[in-house]
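Asker: Contents are compact mmCIF, C-alpha atoms; file name upload_12.txt:
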# COMPACT_ATOMS: atom_id res chain seq x y z
CA MET V 1 0.00 0.00 0.00
CA ASN V 2 1.28 3.44 -0.92
CA GLN V 3 1.71 5.88 1.93
CA VAL V 4 1.96 9.68 1.60
CA ILE V 5 4.02 11.25 4.37
CA PRO V 6 4.47 15.02 4.98
CA ALA V 7 8.12 15.99 4.65
CA SER V 8 8.47 17.04 8.27
CA VAL V 9 7.57 13.57 9.57
CA ALA V 10 10.91 12.09 8.57
CA ASP V 11 13.48 14.76 9.39
CA ASP V 12 16.28 12.27 8.99
CA GLU V 13 15.47 11.89 5.30
CA PHE V 14 13.77 15.11 4.22
CA PHE V 15 13.03 18.60 5.41
CA GLY V 16 10.14 20.86 6.45
CA PRO V 17 8.23 22.98 7.23
CA VAL V 18 4.82 21.28 7.27
CA VAL V 19 2.55 22.61 4.52
CA GLU V 20 -0.82 21.27 3.39
CA VAL V 21 -0.32 20.82 -0.35
CA PRO V 22 -3.26 20.03 -2.67
CA ASP V 23 -2.75 17.33 -5.26
CA GLY V 24 -3.02 19.40 -8.42
CA PHE V 25 -1.36 16.96 -10.78
CA LYS V 26 -4.53 16.23 -12.73
CA LYS V 27 -4.63 19.91 -13.70
CA ALA V 28 -1.12 19.73 -15.16
CA VAL V 29 -1.83 18.38 -18.62
CA GLY V 30 1.71 18.25 -20.00
CA VAL V 31 5.21 17.72 -18.65
CA VAL V 32 8.41 18.37 -20.60
CA GLN V 33 11.42 16.33 -19.58
CA VAL V 34 14.73 17.67 -20.85
CA ALA V 35 17.68 15.28 -20.80
CA MET V 36 20.10 17.83 -19.35
CA GLY V 37 22.05 15.35 -17.25
CA GLN V 38 25.11 15.47 -19.51
CA LEU V 39 24.98 19.27 -19.83
CA GLY V 40 26.26 21.84 -17.39
CA PHE V 41 25.04 24.98 -15.64
CA LEU V 42 26.24 27.30 -18.42
CA HIS V 43 24.28 25.29 -21.00
CA ARG V 44 21.10 26.02 -19.10
CA LYS V 45 21.91 29.71 -18.77
CA ILE V 46 22.74 30.06 -22.47
CA TYR V 47 19.57 28.23 -23.43
CA ASN V 48 17.44 30.45 -21.22
CA VAL V 49 18.84 33.56 -22.94
CA LEU V 50 18.13 32.03 -26.34
CA LEU V 51 14.55 31.35 -25.26
CA ALA V 52 14.03 34.82 -23.86
CA ASN V 53 15.40 36.38 -27.05
CA ALA V 54 13.04 34.22 -29.14
CA TYR V 55 9.88 34.52 -27.06
CA GLU V 56 8.04 37.25 -28.97
CA GLY V 57 8.84 35.65 -32.30
CA LEU V 58 7.69 32.22 -31.11
CA GLY V 59 4.30 33.71 -30.35
CA GLN V 60 4.10 34.92 -33.97
CA GLY V 61 5.10 31.60 -35.51
CA THR V 62 8.79 32.41 -36.15
CA THR V 63 11.31 29.62 -35.57
CA GLN V 64 14.62 31.24 -36.69
CA PHE V 65 16.36 33.91 -34.58
CA THR V 66 19.56 35.97 -34.25
CA ILE V 67 21.29 37.29 -31.14
CA PRO V 68 24.59 39.21 -30.77
CA VAL V 69 27.26 37.17 -29.01
CA ALA V 70 27.94 40.18 -26.74
CA ILE V 71 24.37 40.12 -25.44
CA LEU V 72 24.35 36.33 -25.06
CA ALA V 73 27.62 36.54 -23.13
CA GLU V 74 26.46 39.36 -20.88
CA PHE V 75 23.22 37.66 -19.91
CA ALA V 76 24.66 34.16 -19.51
CA GLY V 77 27.93 35.24 -17.89
CA PHE V 78 30.88 34.21 -20.06
CA ASN V 79 33.71 35.77 -22.12
CA SER V 80 32.15 37.17 -25.27
CA ARG V 81 35.37 36.61 -27.27
CA ASP V 82 35.36 32.85 -26.77
CA TYR V 83 33.60 31.91 -30.02
CA GLN V 84 34.75 28.31 -29.81
CA MET V 85 33.03 27.92 -26.47
CA VAL V 86 29.82 29.40 -27.94
CA TYR V 87 30.04 26.96 -30.85
CA ASP V 88 30.66 23.97 -28.56
CA HIS V 89 27.76 24.78 -26.26
CA CYS V 90 25.32 25.41 -29.12
CA ARG V 91 26.37 22.14 -30.75
CA GLU V 92 25.73 20.27 -27.51
CA LEU V 93 22.34 21.96 -27.16
CA MET V 94 21.48 20.88 -30.69
CA GLN V 95 22.45 17.30 -29.82
CA THR V 96 20.42 17.22 -26.61
CA GLU V 97 17.23 15.20 -26.93
CA VAL V 98 14.01 16.42 -25.36
CA GLN V 99 11.37 13.88 -24.41
CA THR V 100 7.78 15.13 -24.30
CA ILE V 101 5.17 13.36 -22.22
CA ASP V 102 1.46 14.13 -22.08
CA PHE V 103 -0.26 12.22 -19.28
CA ASP V 104 -3.76 13.39 -20.22
CA ASP V 105 -4.01 13.18 -24.02
CA LYS V 106 -7.53 12.73 -25.39
CA SER V 107 -6.75 13.05 -29.09
CA LYS V 108 -8.32 9.64 -29.80
CA GLY V 109 -11.60 9.18 -28.03
CA LYS V 110 -12.47 10.07 -24.46
CA ARG V 111 -10.09 7.70 -22.72
CA LYS V 112 -6.94 9.35 -21.45
CA ARG V 113 -3.78 8.12 -23.11
CA ARG V 114 -0.14 8.70 -22.35
CA LYS V 115 1.48 10.30 -25.41
CA ARG V 116 5.26 10.39 -25.80
CA GLY V 117 7.45 12.14 -28.33
CA GLY V 118 10.76 13.82 -28.85
CA THR V 119 12.73 16.68 -30.41
CA THR V 120 15.95 18.57 -29.61
CA LEU V 121 16.66 21.72 -27.64
CA ILE V 122 17.59 23.65 -30.78
CA ALA V 123 17.25 22.44 -34.35
CA ASP V 124 20.19 24.30 -35.93
CA PHE V 125 22.67 27.12 -35.34
CA ASP V 126 25.47 29.18 -36.90
CA VAL V 127 28.11 31.20 -35.06
CA ILE V 128 28.95 33.99 -37.51
CA GLU V 129 32.25 35.83 -37.58
CA GLY V 130 31.63 39.39 -36.44
CA GLY V 131 29.67 38.45 -33.38
CA THR V 132 26.22 36.93 -33.96
CA VAL V 133 24.55 33.60 -33.39
CA GLN V 134 21.76 32.43 -35.65
CA TYR V 135 19.68 29.56 -34.31
CA GLY V 136 16.35 27.87 -34.80
CA PHE V 137 13.83 25.57 -33.12
CA SER V 138 11.86 22.72 -34.55
CA ARG V 139 8.17 23.44 -35.02
CA LYS V 140 7.34 21.08 -32.16
CA MET V 141 9.85 22.66 -29.79
CA ALA V 142 8.64 26.16 -30.71
CA GLY V 143 5.12 25.16 -29.70
CA ILE V 144 6.32 23.70 -26.41
CA LEU V 145 8.41 26.74 -25.51
CA HIS V 146 5.79 29.42 -25.98
CA GLU V 147 4.54 29.07 -22.40
CA PRO V 148 5.73 32.14 -20.46
CA GLU V 149 5.30 30.84 -16.92
CA GLN V 150 7.16 27.68 -17.80
CA TYR V 151 10.32 28.85 -19.54
CA ILE V 152 10.53 32.51 -20.33
CA TRP V 153 9.44 35.04 -17.77
CA MET V 154 10.93 33.14 -14.88
CA THR V 155 14.43 32.25 -15.96
CA LEU V 156 16.29 35.14 -17.52
CA SER V 157 16.67 37.29 -14.42
CA ALA V 158 16.47 34.40 -11.96
CA GLN V 159 19.21 32.24 -13.39
CA ASN V 160 22.15 34.31 -12.17
CA ARG V 161 20.91 34.02 -8.59
CA PHE V 162 21.38 30.27 -8.55
CA ASP V 163 24.65 28.54 -7.80
CA SER V 164 24.06 25.13 -9.35
CA LYS V 165 22.22 23.42 -12.17
CA TYR V 166 20.15 21.56 -9.55
CA GLU V 167 18.77 24.81 -8.13
CA LEU V 168 17.98 26.22 -11.57
CA SER V 169 16.44 22.98 -12.82
CA LEU V 170 14.28 22.51 -9.71
CA PHE V 171 13.12 26.11 -10.01
CA GLU V 172 12.23 25.66 -13.69
CA ASN V 173 10.35 22.45 -12.99
CA CYS V 174 8.36 23.90 -10.09
CA ILE V 175 7.41 27.44 -11.15
CA ARG V 176 5.21 26.18 -13.98
CA TYR V 177 2.88 24.79 -11.28
CA ILE V 178 2.40 28.07 -9.41
CA GLY V 179 -1.22 28.12 -10.60
CA THR V 180 -2.06 24.56 -9.50
CA GLY V 181 -0.13 24.46 -6.25
CA SER V 182 1.68 21.18 -6.82
CA THR V 183 3.99 19.41 -9.27
CA GLY V 184 2.14 16.16 -8.72
CA PHE V 185 3.91 12.96 -7.76
CA LYS V 186 6.68 11.76 -10.05
CA ASP V 187 8.98 8.78 -9.64
CA VAL V 188 12.33 9.46 -8.00
CA SER V 189 13.95 8.38 -11.27
CA GLU V 190 11.99 11.06 -13.15
CA TRP V 191 13.13 13.75 -10.72
CA ARG V 192 16.73 12.61 -11.13
CA GLU V 193 16.32 12.91 -14.90
CA LEU V 194 14.77 16.38 -14.62
CA LEU V 195 17.47 17.63 -12.27
CA GLY V 196 20.35 16.02 -14.16
CA ALA V 197 21.34 13.91 -11.14
CA ASN V 198 21.92 10.65 -13.03
CA GLU V 199 25.31 9.70 -11.55
CA PRO V 200 25.49 6.39 -9.65
CA THR V 201 26.34 8.43 -6.55
CA TYR V 202 22.66 9.34 -6.31
CA ASP V 203 21.25 5.82 -6.62
CA GLU V 204 20.86 5.83 -2.85
CA PHE V 205 18.03 8.18 -1.92
CA LYS V 206 19.72 9.53 1.21
CA ARG V 207 22.64 10.79 -0.86
CA LEU V 208 20.31 12.24 -3.52
CA ASN V 209 18.42 13.98 -0.73
CA SER V 210 21.41 15.39 1.14
CA LEU V 211 23.54 16.35 -1.88
CA VAL V 212 20.90 17.46 -4.40
CA LEU V 213 17.33 17.86 -3.13
CA LYS V 214 17.94 19.63 0.18
CA PRO V 215 20.43 22.25 -1.07
CA ALA V 216 18.47 22.80 -4.30
CA THR V 217 15.20 23.34 -2.43
CA LYS V 218 16.89 25.69 0.03
CA GLY V 219 18.35 27.66 -2.89
CA VAL V 220 14.98 27.98 -4.64
CA ASN V 221 13.24 29.12 -1.47
CA GLU V 222 15.92 31.69 -0.62
CA LYS V 223 16.69 33.06 -4.08
CA SER V 224 13.48 33.05 -6.07
CA GLY V 225 9.92 34.33 -5.96
CA ILE V 226 8.43 30.94 -5.06
CA LEU V 227 8.40 28.64 -2.05
CA ILE V 228 8.46 24.89 -2.62
CA GLN V 229 7.55 22.19 -0.11
CA PRO V 230 8.41 18.52 -0.77
CA GLU V 231 6.28 15.50 0.01
CA PHE V 232 7.13 11.92 -0.77
CA GLU V 233 5.38 8.62 -1.21
CA ARG V 234 6.82 5.34 0.03
CA GLU V 235 6.64 1.81 -1.24
CA ARG V 236 7.94 -0.85 1.13
CA ARG V 237 9.58 1.75 3.35
CA LYS V 238 11.54 3.30 0.43
CA VAL V 239 10.82 6.69 -1.11
CA ALA V 240 9.35 5.95 -4.54
CA ARG V 241 7.74 9.21 -5.64
CA ILE V 242 8.16 12.90 -4.84
CA ARG V 243 6.06 15.97 -5.40
CA PHE V 244 6.59 19.61 -4.51
CA GLY V 245 3.96 22.04 -3.33
CA VAL V 246 4.47 25.40 -5.03
CA ALA V 247 3.34 28.79 -3.71
CA GLU V 248 4.21 32.41 -4.32
CA ASN V 249 6.74 33.81 -1.89
CA PRO V 250 4.87 36.17 0.50
CA GLN V 251 7.90 38.46 0.66
CA PRO V 252 7.78 41.75 -1.30
CA SER V 253 9.72 40.31 -4.26
CA LEU V 254 7.27 39.05 -6.85
CA LEU V 255 7.60 36.29 -9.38
CA ASP V 256 9.83 37.39 -12.23
CA TYR V 257 7.18 37.01 -14.90
CA LYS V 258 4.96 39.40 -12.92
CA ASN V 259 7.82 41.87 -12.63
CA HIS V 260 8.27 41.66 -16.37
CA SER V 261 4.62 42.59 -16.89
CA VAL V 262 5.17 45.69 -14.77
CA ILE V 263 8.30 46.57 -16.76
CA ARG V 264 6.45 46.21 -20.06
CA ALA V 265 3.87 48.75 -18.88
CA THR V 266 6.44 51.55 -18.38
CA ASP V 267 7.04 54.46 -20.76
CA ALA V 268 10.77 53.69 -20.96
CA TYR V 269 10.11 50.10 -22.08
CA GLU V 270 7.59 51.22 -24.71
CA GLN V 271 9.99 53.86 -26.07
CA ALA V 272 12.84 51.36 -26.33
CA ARG V 273 10.65 48.73 -28.01
CA ALA V 274 9.23 51.34 -30.41
CA ILE V 275 12.68 51.90 -31.93
CA GLY V 276 13.41 48.18 -32.17
CA VAL V 277 15.49 47.23 -29.10
CA GLU V 278 14.97 43.57 -28.23
CA ASP V 279 12.68 42.71 -25.33
CA VAL V 280 15.40 40.63 -23.68
CA VAL V 281 17.84 43.57 -23.69
CA ILE V 282 15.39 46.02 -22.13
CA ILE V 283 14.27 43.55 -19.45
CA HIS V 284 17.89 42.82 -18.55
CA PHE V 285 18.83 46.47 -18.00
CA PHE V 286 15.62 47.21 -16.10
CA GLU V 287 16.48 44.38 -13.71
CA THR V 288 20.18 45.10 -13.39
CA LYS V 289 20.25 48.91 -13.61
CA GLY V 290 16.69 50.12 -13.02
CA GLU V 291 14.07 52.07 -14.91
CA GLN V 292 15.80 55.43 -14.37
CA TYR V 293 18.99 54.13 -15.98
CA VAL V 294 17.06 53.00 -19.07
CA ALA V 295 15.16 56.30 -19.26
CA GLU V 296 18.43 58.27 -19.07
CA ALA V 297 19.96 56.14 -21.82
CA ILE V 298 16.95 56.86 -24.04
CA GLU V 299 17.26 60.59 -23.30
CA TYR V 300 20.97 60.46 -24.18
CA MET V 301 20.27 58.56 -27.41
CA ASN V 302 17.55 61.04 -28.45
CA ALA V 303 19.95 63.96 -27.94
CA LYS V 304 22.54 62.32 -30.24
CA LYS V 305 19.95 61.68 -33.00
CA PRO V 306 21.68 58.60 -34.44
CA LYS V 307 20.59 56.97 -37.70
CA ASP V 308 20.28 53.50 -36.20
CA LYS V 309 18.48 54.26 -32.94
CA ALA V 310 18.07 50.65 -31.84
CA ALA V 311 21.76 49.77 -32.18
CA TYR V 312 22.85 53.06 -30.61
CA LEU V 313 20.52 52.64 -27.61
CA ALA V 314 21.63 49.04 -27.05
CA HIS V 315 25.26 50.21 -27.09
CA THR V 316 24.41 53.13 -24.78
CA LEU V 317 22.79 50.78 -22.27
CA ARG V 318 25.81 48.46 -22.21
CA ALA V 319 28.37 51.30 -22.06
CA GLY V 320 26.54 53.39 -19.47
CA TYR V 321 26.43 56.54 -21.62
CA GLY V 322 24.07 59.22 -20.36
CA GLU V 323 23.99 57.96 -16.78
CA LYS V 324 23.68 61.00 -14.50
CA THR V 325 25.40 61.74 -11.21
CA PRO V 326 23.22 62.14 -8.07
CA ASP V 327 23.57 65.96 -8.30
CA GLU V 328 22.56 65.94 -11.97
CA ARG V 329 19.56 63.77 -11.20
CA ARG V 330 18.57 66.11 -8.38
CA THR V 331 18.81 69.12 -10.70
CA VAL V 332 16.74 67.37 -13.37
CA ALA V 333 14.18 66.27 -10.79
CA GLU V 334 13.85 69.82 -9.44
CA ALA V 335 13.46 71.23 -12.96
CA LYS V 336 10.79 68.64 -13.73
CA GLU V 337 8.98 69.49 -10.53
CA ARG V 338 9.03 73.21 -11.35
CA ALA V 339 7.78 72.49 -14.85
CA LYS V 340 5.07 70.26 -13.40
CA LEU V 341 3.90 72.99 -10.99
CA LEU V 342 3.94 75.62 -13.74
CA ARG V 343 2.02 73.32 -16.05
CA ALA V 344 -0.52 72.60 -13.31
CA LYS V 345 -0.93 76.34 -12.64
CA ARG V 346 -1.50 77.10 -16.32
CA GLU V 347 -3.95 74.22 -16.65
CA ALA V 348 -5.84 75.46 -13.59
CA GLU V 349 -5.98 78.99 -14.98
CA ALA V 350 -7.16 77.71 -18.36
CA ALA V 351 -9.82 75.57 -16.69
CA ALA V 352 -10.97 78.54 -14.60
CA GLU V 353 -11.19 80.77 -17.69
CA GLN V 354 -13.12 78.13 -19.58
CA GLY V 355 -15.47 77.77 -16.64
CA ARG V 356 -15.95 81.54 -16.48
CA GLN V 357 -16.75 81.70 -20.17
CA GLU V 358 -19.25 78.88 -19.84
CA ILE V 359 -20.97 80.69 -16.96
CA VAL V 360 -21.09 83.96 -18.95
CA ALA V 361 -22.66 82.13 -21.89
CA ARG V 362 -25.21 80.42 -19.66
CA PHE V 363 -26.08 83.70 -17.93
CA LYS V 364 -26.50 85.48 -21.28
CA ALA V 365 -28.76 82.73 -22.60
CA HIS V 366 -30.80 82.93 -19.41
CA GLN V 367 -31.18 86.69 -19.72
CA GLU V 368 -32.34 86.46 -23.36
CA ALA V 369 -34.94 83.83 -22.61
CA ARG V 370 -36.06 85.57 -19.42
CA PHE V 371 -36.54 88.95 -21.13
CA GLU V 372 -38.69 87.43 -23.89
CA GLU V 373 -40.74 85.65 -21.26
CA LEU V 374 -41.28 88.84 -19.19
CA ALA V 375 -41.92 91.12 -22.21
CA ASP V 376 -44.69 88.84 -23.52
CA ASP V 377 -46.75 89.62 -20.41
CA ARG V 378 -46.27 93.41 -20.50
CA SER V 379 -48.91 95.97 -21.49
CA ASP V 380 -48.42 98.58 -24.25
CA ILE V 381 -47.95 101.23 -21.57
CA GLU V 382 -45.20 99.21 -19.88
CA ILE V 383 -43.45 98.62 -23.22
CA ALA V 384 -43.61 102.40 -23.96
CA GLU V 385 -42.17 103.18 -20.51
CA LEU V 386 -39.37 100.71 -21.24
CA GLY V 387 -38.63 102.54 -24.53
CA ALA V 388 -38.29 105.85 -22.75
CA ALA V 389 -36.03 104.32 -20.10
CA VAL V 390 -33.78 102.83 -22.80
CA MET V 391 -33.38 106.27 -24.42
CA GLY V 392 -31.93 107.55 -21.15
CA ALA V 393 -29.69 104.48 -20.69
CA LEU V 394 -28.14 104.46 -24.16
CA PRO V 395 -24.53 105.70 -24.51
CA ASP V 396 -24.21 109.41 -25.26
CA MET V 397 -23.50 108.74 -28.92
CA PRO V 398 -25.67 110.28 -31.68
CA GLN V 399 -26.06 107.16 -33.82
CA TYR V 400 -27.66 105.11 -31.03
CA ARG V 401 -30.20 107.69 -29.91
CA ARG V 402 -31.01 108.71 -33.50
CA ARG V 403 -31.63 105.11 -34.48
CA TRP V 404 -33.78 104.47 -31.38
CA ARG V 405 -35.97 107.50 -32.26
CA GLU V 406 -36.28 106.32 -35.89
CA LEU V 407 -37.71 103.00 -34.63
CA GLY V 408 -40.25 104.80 -32.42
CA GLN V 409 -38.55 103.29 -29.36
CA LYS V 410 -39.98 99.85 -30.28
CA TYR V 411 -37.53 97.02 -29.65
CA THR V 412 -39.50 94.65 -31.91
CA ALA V 413 -38.45 96.79 -34.89
CA LEU V 414 -34.71 96.26 -34.25
CA ASP V 415 -32.73 94.53 -37.03
CA MET V 416 -30.39 92.17 -35.17
CA ASP V 417 -28.11 91.82 -38.20
CA LYS V 418 -27.05 95.43 -37.72
CA LEU V 419 -24.38 96.19 -35.16
CA THR V 420 -26.10 99.36 -33.91
CA ASP V 421 -29.44 97.59 -33.43
CA SER V 422 -27.91 94.59 -31.64
CA THR V 423 -26.13 96.97 -29.23
CA ILE V 424 -29.39 98.83 -28.54
CA TYR V 425 -31.12 95.50 -27.88
CA ARG V 426 -28.67 94.70 -25.07
CA TYR V 427 -29.73 97.91 -23.30
CA VAL V 428 -33.39 97.09 -23.94
CA ARG V 429 -32.96 93.65 -22.39
CA LEU V 430 -31.06 94.97 -19.36
CA GLU V 431 -33.59 97.70 -18.66
CA GLY V 432 -36.46 95.24 -19.03
CA LEU V 433 -34.92 92.79 -16.57
CA LYS V 434 -34.27 95.60 -14.08
CA ARG V 435 -37.90 96.63 -14.26
CA TRP V 436 -39.66 93.29 -14.35
CA GLY V 437 -37.18 90.61 -13.31
CA GLU V 438 -35.48 89.35 -10.16
CA LYS V 439 -31.97 89.65 -8.80
CA THR V 440 -30.89 86.40 -10.47
CA ASP V 441 -31.82 87.95 -13.85
CA ILE V 442 -29.41 90.86 -13.59
CA ASP V 443 -26.75 89.73 -11.07
CA GLN V 444 -24.41 87.01 -12.42
CA GLU V 445 -23.17 85.97 -8.95
CA ALA V 446 -26.74 85.58 -7.71
CA PHE V 447 -27.52 83.51 -10.81
CA ILE V 448 -24.54 81.19 -10.16
CA LYS V 449 -25.41 80.79 -6.49
CA ALA V 450 -29.05 79.99 -7.30
CA ASN V 451 -28.07 77.37 -9.89
CA LEU V 452 -25.42 75.70 -7.72
CA SER V 453 -27.57 75.39 -4.62
What's the structure tokens form of this structure?

Answerer:
Amino acid sequence: MNQVIPASVADDEFFGPVVEVPDGFKKAVGVVQVAMGQLGFLHRKIYNVLLANAYEGLGQGTTQFTIPVAILAEFAGFNSRDYQMVYDHCRELMQTEVQTIDFDDKSKGKRKRRKRGGTTLIADFDVIEGGTVQYGFSRKMAGILHEPEQYIWMTLSAQNRFDSKYELSLFENCIRYIGTGSTGFKDVSEWRELLGANEPTYDEFKRLNSLVLKPATKGVNEKSGILIQPEFERERRKVARIRFGVAENPQPSLLDYKNHSVIRATDAYEQARAIGVEDVVIIHFFETKGEQYVAEAIEYMNAKKPKDKAAYLAHTLRAGYGEKTPDERRTVAEAKERAKLLRAKREAEAAAEQGRQEIVARFKAHQEARFEELADDRSDIEIAELGAAVMGALPDMPQYRRRWRELGQKYTALDMDKLTDSTIYRYVRLEGLKRWGEKTDIDQEAFIKANLS
């Protein structure tokens, strides 16, 4: 009978702390097992950079890619002039077989079937004199790799934190299950294959545990954005299967793929991508130097106005051109703050002026409608009295008074297309509102107060 034992129960063989881990294996449809046992730590790091560089293209159906050796070297951590080493590692990646296993395939009928297949890590490559690597993936491998949580977002920045291939491999094989909470049980032999711990030294579980599993799990928990908790299943007192519970680290540092989403939402990232700088390059300098560094490099590049902006910016980022001293940054920040305050003041003044104009227009429209309403109810005597009052209110200018007399002091005879008549009408309206209206008809402040209350 199989027995599942929490890791903390057998401290002599495994390690804690106790965590209730749900069995989410049925939710994990596919598992990719990469035969990396014969390959080293640098192989993994190089491959992760190749994947990160290819990610956007993989999503668009591209399978052939190019990356400068200088960028590959910087991100993977080796001497960029050692072209033979680059060639040797790429050749070994091309020769490395990848076994694919689907434990829940339903392609033929409803019954679940185990489907197995294979490909290689990369399908082809060329190391070109002058400093570039061209490489490609098989169609099958390209489809497998375009899963961001599994291979891309999580490895590029994380890989340099790890000190061994066991840490990196365990991290890669656990983070894909962050959404389900568990890797599901796998045979000890499968875990050895995944971690590249195939040497006879690890045939005895206690040695595998003490030399590989314990230090690798400790490294993942201390250096990454996830926490993993092992459980194991025994058969006849021997550990036969292992699974890891996977949860997000509650510390402030987030999972790398989430950090990358935040980076991609920044103005600096969008500006760099708009001129053609590779995603992998921008992400790297955001993580190693910070957003301000990238923004300053873009500012420096824009000031130089180069023909090839993408190449110039990539070189600027690597060389540190445009990076400001603390005093320069303080001066720039103060200037930006002053500009921000001035802009806010001008915007406030413009908004206030617009508001004032809108109120004036509303008040004028109210006065026009109100005068017509009041005048309709007036007697002929009241209209005649209004005409006389307007004569006294008109400006002391001959053309206005002469025109008003010509019309017999009747406002209904005014021709509003004429400037003189339209001016006279304003005095007619004002005098009428004074005589027959209320305070809100002649006092703009009273009108505003009445309409806001």

Asker: Residues at most 9 Å from Leu317 in chain V, counting only C-alpha atoms, excluding those fewer than 4 positions away in the same chain, as a PyMOL selection string?

Answerer: chain V and resi 281-282+285+293-294+297-298+312-313+321-322

Asker: Can you pull out the residues contacting Ala197 in chain V? Cut-off 12 Å, using all atoms listed in the file, and skip same-chain residues under 4 positions away; I want them as a PyMOL selection string.

Answerer: chain V and resi 35-40+164-167+169-170+188-193+201-205+207-209+211-213+216

Asker: Do you know which residues lie at most 10 Å from (12.1, 29.9, -26.4), with coordinates as in the file and all atoms listed in the file counted, and could you write them as an NGL selection string?

Answerer: :V and (47-59 or 63 or 121-122 or 136-137 or 141-148 or 151-152)

Asker: Got a sec: who's within 12 Å of Asp88 in chain V, counting only C-alpha atoms, leaving out chain neighbours fewer than 3 positions off, as a ChimeraX atom specification?

Answerer: /V:39,42-43,46,82-85,91-95,125-127

Asker: Just how far from CA of Tyr87 in chain V is CA of Thr62 in chain V, in Å to one decimal?

Answerer: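 About the pair CA of Thr62 in chain V and CA of Tyr87 in chain V: they are 22.6 Å apart.
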
Asker: Identify which of the residues V:Asp163, V:Asp441, V:Asp279, V:Glu323 lies closest to Glu222 in chain V, counting only C-alpha atoms when measuring atom-to-atom distances.

Answerer: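 The answer is V:Asp163, which sits nearest to Glu222 in chain V.
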
Asker: For a test of reading the model, state the distance in Å between CA of Leu194 in chain V and CA of His89 in chain V, rounded to one decimal.

Answerer: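 So the answer is 19.4 Å.
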
Asker: What does the structure give for the distance between CA of Ala295 in chain V and CA of Ala314 in chain V, in Å to one decimal?

Answerer: 12.5 Å
